[in-house]
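For reference, structure_7.cif is printed below; it contains mmCIF, C-alpha atoms.
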data_start
loop_
_atom_site.label_atom_id
_atom_site.label_comp_id
_atom_site.auth_asym_id
_atom_site.auth_seq_id
_atom_site.Cartn_x
_atom_site.Cartn_y
_atom_site.Cartn_z
CA MET A 74 -147.35 -33.07 -25.82
CA GLU A 75 -146.79 -35.20 -22.73
CA MET A 76 -145.31 -33.62 -19.62
CA GLN A 77 -142.32 -35.97 -19.66
CA ALA A 78 -141.44 -35.10 -23.27
CA PHE A 79 -141.97 -31.40 -22.55
CA GLY A 80 -139.58 -31.58 -19.58
CA LEU A 81 -137.00 -33.27 -21.78
CA LEU A 82 -137.40 -30.50 -24.38
CA LEU A 83 -136.82 -27.83 -21.71
CA THR A 84 -133.61 -29.51 -20.49
CA GLN A 85 -132.33 -29.74 -24.07
CA LEU A 86 -133.00 -26.03 -24.66
CA SER A 87 -130.34 -25.10 -22.12
CA ALA A 88 -127.71 -26.93 -24.20
CA LEU A 89 -128.38 -24.93 -27.40
CA THR A 90 -125.76 -22.58 -28.81
CA ALA A 91 -126.52 -18.89 -29.36
CA HIS A 92 -127.09 -19.47 -33.09
CA GLN A 93 -129.48 -22.37 -32.41
CA CYS A 94 -131.41 -20.23 -29.87
CA ALA A 95 -131.86 -17.55 -32.54
CA GLN A 96 -133.24 -20.18 -34.98
CA VAL A 97 -135.76 -21.45 -32.38
CA GLN A 98 -136.89 -17.89 -31.66
CA ALA A 99 -137.33 -17.24 -35.42
CA CYS A 100 -139.49 -20.42 -35.73
CA LEU A 101 -141.66 -19.27 -32.84
CA GLY A 102 -142.04 -15.84 -34.44
CA LEU A 103 -140.22 -14.04 -31.64
CA GLU A 104 -137.89 -11.16 -32.34
CA ALA A 105 -134.37 -12.10 -31.28
CA PRO A 106 -133.42 -9.98 -28.30
CA GLN A 107 -130.10 -8.24 -28.16
CA PRO A 108 -127.59 -10.26 -26.18
CA PRO A 109 -126.70 -8.83 -22.79
CA VAL A 110 -123.60 -6.67 -22.49
CA GLY A 111 -121.84 -9.32 -20.42
CA ARG A 112 -122.17 -11.88 -23.20
CA LEU A 113 -120.83 -9.39 -25.73
CA LEU A 114 -117.82 -8.74 -23.53
CA ASP A 115 -117.21 -12.48 -23.14
CA GLN A 116 -117.35 -12.99 -26.89
CA ALA A 117 -114.94 -10.14 -27.60
CA ALA A 118 -111.32 -11.08 -28.00
CA GLN A 119 -109.87 -10.79 -24.53
CA PRO A 120 -106.23 -9.74 -24.27
CA GLN A 121 -103.86 -12.46 -23.10
CA LEU A 122 -102.63 -12.02 -19.54
CA CYS A 123 -98.99 -11.00 -19.54
CA CYS A 124 -96.24 -10.12 -17.11
CA PRO A 125 -96.10 -6.35 -16.47
CA ARG A 126 -92.27 -6.44 -16.42
CA CYS A 127 -91.23 -8.70 -19.28
CA HIS A 128 -94.59 -9.00 -21.12
CA ALA A 129 -94.29 -12.79 -21.27
CA THR A 130 -97.53 -14.74 -21.57
CA ARG A 131 -96.34 -17.77 -19.59
CA TRP A 132 -97.79 -17.57 -16.07
CA TYR A 133 -99.34 -19.73 -13.37
CA ARG A 134 -101.78 -19.11 -10.56
CA HIS A 135 -100.07 -18.29 -7.28
CA GLY A 136 -102.71 -18.12 -4.55
CA ARG A 137 -105.21 -15.43 -3.60
CA GLU A 138 -104.85 -12.12 -1.84
CA SER A 139 -107.91 -10.20 -0.57
CA GLY A 140 -110.16 -12.35 -2.75
CA LEU A 141 -108.22 -11.64 -5.95
CA GLN A 142 -106.34 -14.28 -7.92
CA ARG A 143 -102.56 -13.79 -7.96
CA TYR A 144 -100.32 -14.87 -10.82
CA ARG A 145 -96.58 -15.48 -11.14
CA CYS A 146 -94.53 -15.17 -14.32
CA ARG A 147 -92.69 -18.28 -15.49
CA ALA A 148 -90.40 -16.47 -17.95
CA SER A 149 -88.83 -13.92 -15.54
CA PHE A 150 -87.96 -16.53 -12.87
CA ARG A 151 -84.34 -15.81 -13.74
CA TRP A 152 -84.37 -12.70 -11.50
CA ARG A 153 -83.48 -14.91 -8.53
CA HIS A 154 -80.34 -16.15 -10.23
CA ARG A 155 -79.44 -12.65 -11.35
CA PHE A 156 -79.66 -11.38 -7.78
CA LEU A 157 -77.53 -14.27 -6.57
CA ALA A 158 -74.90 -13.59 -9.24
CA LEU A 159 -74.72 -9.82 -8.57
CA PRO A 160 -72.43 -9.91 -5.48
CA ARG A 161 -69.81 -11.80 -7.52
CA THR A 162 -69.46 -8.80 -9.85
CA ASP A 163 -69.01 -6.35 -6.95
CA ARG A 164 -65.92 -7.94 -5.43
CA ALA A 165 -62.83 -6.09 -4.31
CA PRO A 166 -59.71 -7.13 -6.27
CA LEU A 167 -57.40 -7.01 -3.22
CA LEU A 168 -57.63 -6.56 0.53
CA HIS A 169 -55.23 -3.98 2.05
CA GLY A 170 -53.91 -3.05 5.50
CA ILE A 171 -55.35 -5.14 8.32
CA ALA A 172 -57.75 -7.90 7.33
CA GLU A 173 -59.70 -10.46 9.32
CA ALA A 174 -60.75 -13.88 8.08
CA ASP A 175 -63.08 -16.47 9.54
CA GLU A 176 -64.92 -19.54 8.38
CA MET A 177 -68.43 -20.79 9.01
CA PHE A 178 -70.05 -24.11 8.32
CA LEU A 179 -73.56 -24.73 7.01
CA LEU A 180 -75.36 -27.92 6.09
CA GLU A 181 -75.15 -28.42 2.36
CA SER A 182 -78.33 -27.28 0.63
CA GLN A 183 -79.39 -29.09 -2.49
CA LYS A 184 -82.45 -26.91 -3.01
CA GLY A 185 -83.61 -27.04 -6.59
CA SER A 186 -81.49 -30.07 -7.40
CA ARG A 187 -83.30 -32.76 -9.36
CA HIS A 188 -80.99 -35.51 -8.13
CA LEU A 189 -80.42 -35.45 -4.36
CA THR A 190 -77.41 -37.32 -3.03
CA ARG A 191 -79.14 -37.74 0.36
CA PRO A 192 -82.68 -38.11 1.71
CA ALA A 193 -84.74 -34.93 1.67
CA ARG A 194 -84.70 -32.77 4.82
CA ARG A 195 -87.56 -30.73 6.21
CA ARG A 196 -87.02 -27.25 7.64
CA GLY A 197 -83.23 -27.28 7.68
CA GLY A 198 -82.63 -30.56 9.43
CA LYS A 199 -79.68 -31.66 11.52
CA ALA A 200 -76.35 -33.22 10.72
CA HIS A 201 -75.88 -36.91 11.47
CA TRP A 202 -72.40 -36.33 12.96
CA ARG A 203 -71.40 -33.82 15.62
CA GLY A 204 -68.83 -31.17 14.77
CA ILE A 205 -67.41 -30.46 11.33
CA SER A 206 -68.13 -33.24 8.84
CA HIS A 207 -68.48 -33.86 5.12
CA GLU A 208 -72.19 -32.92 5.44
CA GLN A 209 -71.25 -29.28 5.96
CA VAL A 210 -69.91 -26.73 3.50
CA CYS A 211 -67.17 -24.34 4.61
CA ILE A 212 -67.61 -20.65 3.77
CA LEU A 213 -64.55 -18.44 4.20
CA VAL A 214 -65.11 -14.69 4.69
CA ALA A 215 -62.31 -12.09 4.73
CA ARG A 216 -62.76 -8.35 5.32
CA ASP A 217 -60.30 -5.50 5.66
CA ARG A 218 -60.69 -2.35 7.80
CA ASN A 219 -61.82 -0.33 4.76
CA GLY A 220 -64.96 -2.48 4.43
CA ARG A 221 -63.96 -4.57 1.40
CA THR A 222 -65.24 -8.10 1.79
CA LEU A 223 -64.44 -11.34 -0.01
CA ASP A 224 -66.13 -14.68 0.48
CA TYR A 225 -65.36 -18.15 -0.84
CA VAL A 226 -67.00 -21.55 -0.68
CA THR A 227 -64.03 -23.78 0.00
CA GLY A 228 -65.88 -27.10 -0.17
CA ARG A 229 -67.17 -29.77 2.16
CA GLY A 230 -65.57 -30.55 5.48
CA PRO A 231 -62.94 -28.63 7.43
CA LEU A 232 -60.86 -25.81 5.99
CA THR A 233 -57.51 -27.04 4.74
CA LYS A 234 -54.22 -25.25 4.22
CA THR A 235 -54.37 -25.78 0.45
CA SER A 236 -57.91 -24.38 0.11
CA LEU A 237 -56.92 -21.40 2.27
CA HIS A 238 -53.92 -20.65 0.02
CA ARG A 239 -55.99 -21.20 -3.13
CA CYS A 240 -58.64 -18.69 -2.03
CA LEU A 241 -56.79 -16.00 -0.06
CA ARG A 242 -53.32 -15.91 -1.63
CA PRO A 243 -54.40 -14.03 -4.82
CA ALA A 244 -56.73 -11.70 -2.87
CA LEU A 245 -54.30 -10.41 -0.25
CA ASP A 246 -51.88 -7.52 -0.65
CA PRO A 247 -48.25 -8.62 -0.02
CA ASP A 248 -47.85 -6.34 3.04
CA ILE A 249 -51.20 -7.20 4.67
CA LEU A 250 -51.66 -8.17 8.31
CA LEU A 251 -54.10 -11.10 8.38
CA VAL A 252 -55.91 -11.74 11.67
#
Could you write out this structure as structure tokens?
Amino acid sequence: MEMQAFGLLLTQLSALTAHQCAQVQACLGLEAPQPPVGRLLDQAAQPQLCCPRCHATRWYRHGRESGLQRYRCRASFRWRHRFLALPRTDRAPLLHGIAEADEMFLLESQKGSRHLTRPARRRGGKAHWRGISHEQVCILVARDRNGRTLDYVTGRGPLTKTSLHRCLRPALDPDILLV
């Protein structure tokens, strides 16, 4: 056999399956060796990776930590929305005694929205107009001296008398002192 043909035969041997390797060894009169333990473990049915909390099998790779691959569950992503919805269930029905109210303004966040109504901002960004404008969302917070707190998103722009009545009127006791 020529050296070139022999070299070609050697390169083709590496592409043989395990069954084909066993057939070649039988033709050569060699006893088939037992496969290594690692190959047996690879061939065994490996359990599907799953989330330890919800046991879902939908996951994606999420970086590395100390040389180990990290994974994140796609099915239990809803925990974020559950945490955000929890404060709404723990609201005081009415404020009593002396209560204080104040508003604050934040740039509107459209995080997670598939259809932005403005160009994307990086790292918070700045408003185009100084002062209170339609770019900002008004958040009204009221708290009484007993520690009960209520908060409302009144909408874009400055706080109006109608939005103040709509939010606070049903939440205030009739004999309350509002500061």
Quiz prompt | Counting all atoms listed in the file, the option among A:Gly102, A:Pro231, A:Pro247, A:Gly197 closest to Cys211 (chain A) | solution = A:Pro231
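Separating CA of Arg161 (chain A) from CA of Arg147 (chain A) is a distance of 25.1 Å.
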Quiz prompt | Selection near Val210 (chain A), 10 Å with all atoms listed in the file, sequence-local residues under 6 positions removed, as a ChimeraX atom specification | solution = /A:177-182,226-232
Set up a box along x, y and z of the file covering all listed atoms of region 150-162 of chain A, add 3 Å on every one of the six sides, and write the centre and edge lengths in Å to one decimal, as AutoDock Vina command-line options.
--center_x -78.7 --center_y -12.7 --center_z -9.6 --size_x 24.5 --size_y 13.7 --size_z 14.3
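One distance worth recording is that between CA of Ser236 (chain A) and CA of Gly204 (chain A), which is 19.5 Å.
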Self-check item: All residues 10 Å or closer to region 167-174 of chain A, only C-alpha atoms, same chain fewer than 3 positions away omitted, as an MDAnalysis selection string
Solution: chainID A and resid 164 213:224 241:252
Quiz prompt | Separation of CA of Leu89 (chain A) from CA of Glu75 (chain A), in Å and rounded to one decimal | solution = 21.6 Å
Quiz prompt | Selection result of the PyMOL selection byres ((chain A and resi 120-132) around 7) on this file, as an MDAnalysis selection string | solution = chainID A and resid 118:119 133:134 144:149
Would you mind exporting region 182-208 of chain A with N, CA and C atoms, as a compact mmCIF listing (two decimals), in the first residue's frame?
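Generated output (decode_21.txt):
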# COMPACT_ATOMS: atom_id res chain seq x y z
N SER A 182 -40.12 55.65 31.72
CA SER A 182 -39.35 54.49 31.31
C SER A 182 -40.22 53.60 30.43
N GLN A 183 -39.70 53.24 29.30
CA GLN A 183 -40.42 52.31 28.43
C GLN A 183 -39.65 51.00 28.33
N LYS A 184 -39.00 50.65 29.44
CA LYS A 184 -38.21 49.42 29.47
C LYS A 184 -39.10 48.21 29.21
N GLY A 185 -38.67 47.38 28.30
CA GLY A 185 -39.42 46.18 27.97
C GLY A 185 -40.46 46.40 26.90
N SER A 186 -40.70 47.64 26.52
CA SER A 186 -41.71 47.92 25.50
C SER A 186 -41.15 47.58 24.12
N ARG A 187 -41.95 46.93 23.31
CA ARG A 187 -41.50 46.56 21.97
C ARG A 187 -41.66 47.71 20.98
N HIS A 188 -42.46 48.69 21.33
CA HIS A 188 -42.72 49.81 20.43
C HIS A 188 -42.47 51.11 21.19
N LEU A 189 -41.25 51.65 21.08
CA LEU A 189 -40.92 52.89 21.77
C LEU A 189 -41.57 54.07 21.05
N THR A 190 -42.02 55.05 21.82
CA THR A 190 -42.59 56.25 21.23
C THR A 190 -41.55 57.36 21.14
N ARG A 191 -40.31 57.04 21.45
CA ARG A 191 -39.20 58.00 21.42
C ARG A 191 -37.92 57.25 21.10
N PRO A 192 -36.85 57.94 20.77
CA PRO A 192 -35.57 57.25 20.56
C PRO A 192 -35.07 56.63 21.86
N ALA A 193 -34.34 55.55 21.75
CA ALA A 193 -33.84 54.85 22.93
C ALA A 193 -32.84 55.74 23.68
N ARG A 194 -32.86 55.63 25.02
CA ARG A 194 -31.92 56.36 25.86
C ARG A 194 -30.94 55.37 26.46
N ARG A 195 -29.76 55.85 26.74
CA ARG A 195 -28.73 55.05 27.40
C ARG A 195 -28.51 55.57 28.81
N ARG A 196 -28.52 54.69 29.78
CA ARG A 196 -28.19 55.02 31.17
C ARG A 196 -29.02 56.18 31.71
N GLY A 197 -30.33 56.10 31.56
CA GLY A 197 -31.21 57.10 32.15
C GLY A 197 -31.53 58.25 31.23
N GLY A 198 -30.54 58.92 30.74
CA GLY A 198 -30.75 60.02 29.81
C GLY A 198 -31.22 61.29 30.51
N LYS A 199 -31.46 62.31 29.70
CA LYS A 199 -31.91 63.60 30.20
C LYS A 199 -33.14 64.02 29.43
N ALA A 200 -33.93 64.88 30.07
CA ALA A 200 -35.11 65.42 29.41
C ALA A 200 -34.67 66.49 28.41
N HIS A 201 -35.46 66.66 27.37
CA HIS A 201 -35.16 67.69 26.38
C HIS A 201 -35.54 69.08 26.88
N TRP A 202 -36.56 69.17 27.74
CA TRP A 202 -37.04 70.44 28.26
C TRP A 202 -36.74 70.53 29.74
N ARG A 203 -36.41 71.73 30.21
CA ARG A 203 -36.17 71.96 31.62
C ARG A 203 -37.49 71.99 32.37
N GLY A 204 -37.46 71.60 33.64
CA GLY A 204 -38.65 71.65 34.47
C GLY A 204 -39.58 70.48 34.20
N ILE A 205 -40.82 70.64 34.61
CA ILE A 205 -41.82 69.58 34.46
C ILE A 205 -42.38 69.64 33.04
N SER A 206 -42.34 68.50 32.36
CA SER A 206 -42.82 68.45 30.98
C SER A 206 -43.56 67.14 30.75
N HIS A 207 -44.06 66.96 29.53
CA HIS A 207 -44.78 65.74 29.19
C HIS A 207 -43.86 64.52 29.12
N GLU A 208 -42.53 64.72 29.19
CA GLU A 208 -41.58 63.60 29.19
C GLU A 208 -41.53 62.91 30.54
